[in-house]
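For reference, the structure discussed in these notes is given below.
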Amino acid sequence: MNKVRSWVRRFFPVIFVLFYVVVGTGLSPQVSVDPPRHAHVILDEAHGHFYPALERYAKLVPAPGRVTTLEEARLAGYTPEPQVAMWGGFSQWSSLAGRFLNVLGILPRQSRWNPDGSWKW
């Protein structure tokens, strides 16, 4: 019993600091998830950009835009609209700890994209 107490007294501070570092670094860094290649986008053919296929972005396209997949838009040479990309319109952010809990199935995370490639928000 004395050996256990001695071990706990000796290693508890080390374990506490390691736990604090792991949890602290797991919660603070943010990682982004890019849209899947089959996500729907609206092409702005006049400017060579594409927008997420959501109603609020469709209003920003000067002429009626054509809807296609992200992969096809990139292959055709279109680029993401810079302002929408700066707003985070093409990515979904989460913490490292959140991603880890999602992989374990403890805290499932909602995706911005439906399985068919349409956008939820």
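Simple scheme: letters A, B, ... for chains in structure tokens order, numbers from 1 for residues in each chain, numbers from 1 for ligands in the order shown.
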
Next on the checklist: Can you tell me, as a list in words, which residues in chain A count as strand (DSSP E or B) by DSSP?
Outcome noted: Gln30, Val31, Ser32, Val33, His40, Val41, Ile42, Leu43, Asp44, His49, Phe50, Tyr51, Pro52, Arg66, Val67, Thr68, Thr69, Thr79, Pro80, Gln92, Trp93, Ser94, Ser95, Trp113 and Trp119 of chain A

Next on the checklist: Applying 9 Å and only C-alpha atoms, which residues near Asp116 of chain A remain after dropping the ones on its own chain fewer than 6 positions away? List them as a VMD selection string.
Outcome noted: chain A and resid 38 to 40

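Nearest residue to Glu71 of chain A among A:Pro36, A:Pro108, A:Gly98, A:Gly89 is A:Pro36, counting only C-alpha atoms.
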
Checklist entry - as JSON, numbers by chain, which residues of chain A does DSSP assign to alpha helix (DSSP H)? => result {"A": [2, 3, 4, 5, 6, 7, 8, 9, 10, 11, 12, 13, 14, 15, 16, 17, 18, 19, 20, 21, 22, 23, 24, 25, 26, 27, 55, 56, 57, 58, 70, 71, 72, 73, 74, 75, 82, 83, 84, 85, 86, 87, 96, 97, 98, 99, 100, 101, 102, 103, 104]}

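Residue nearest Phe50 of chain A, chosen from A:Val14, A:Val4, A:Leu104, A:Leu70 and counting only C-alpha atoms: A:Leu70.
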
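Checking A:Thr79, A:Val8, A:Gln30, A:Gln92 one by one against Lys120 of chain A, counting only C-alpha atoms, you find the shortest gap at A:Gln92.
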
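Neighbouring residues of Thr69 of chain A at 12 Å or closer, counting only C-alpha atoms and skipping chain neighbours under 5 positions away, are A:Pro35, A:Pro36, A:Arg37, A:His38, A:Ala39, A:His40, A:Val41, A:Ile42, A:Leu43, A:Phe50, A:Tyr51, A:Pro52, A:Ala53, A:Arg74, A:Leu75, A:Ala76, A:Tyr78, A:Asp116, A:Gly117, A:Ser118, A:Trp119.
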
Checklist entry - Quick one, how far is atom CA of Gly77 of chain A from atom CA of Arg112 of chain A? => result 24.2 Å

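Minimum atom-to-atom distances from A:Leu54, A:Leu96, A:Leu60, A:Val67 to Glu81 of chain A were compared using only C-alpha atoms, and the lowest value belongs to A:Leu60.
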
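The spacing separating atom CA of Phe90 of chain A from atom CA of Asp34 of chain A amounts to 6.6 Å.
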
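Atom to atom, atom CA of Pro62 of chain A and atom CA of Trp87 of chain A stand 19.5 Å apart.
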
Checklist entry - Out of A:Ser111, A:Phe12, A:Asp44, A:His49, which residue has the shortest atom-to-atom distance to Ser91 of chain A when counting only C-alpha atoms? => result A:Ser111
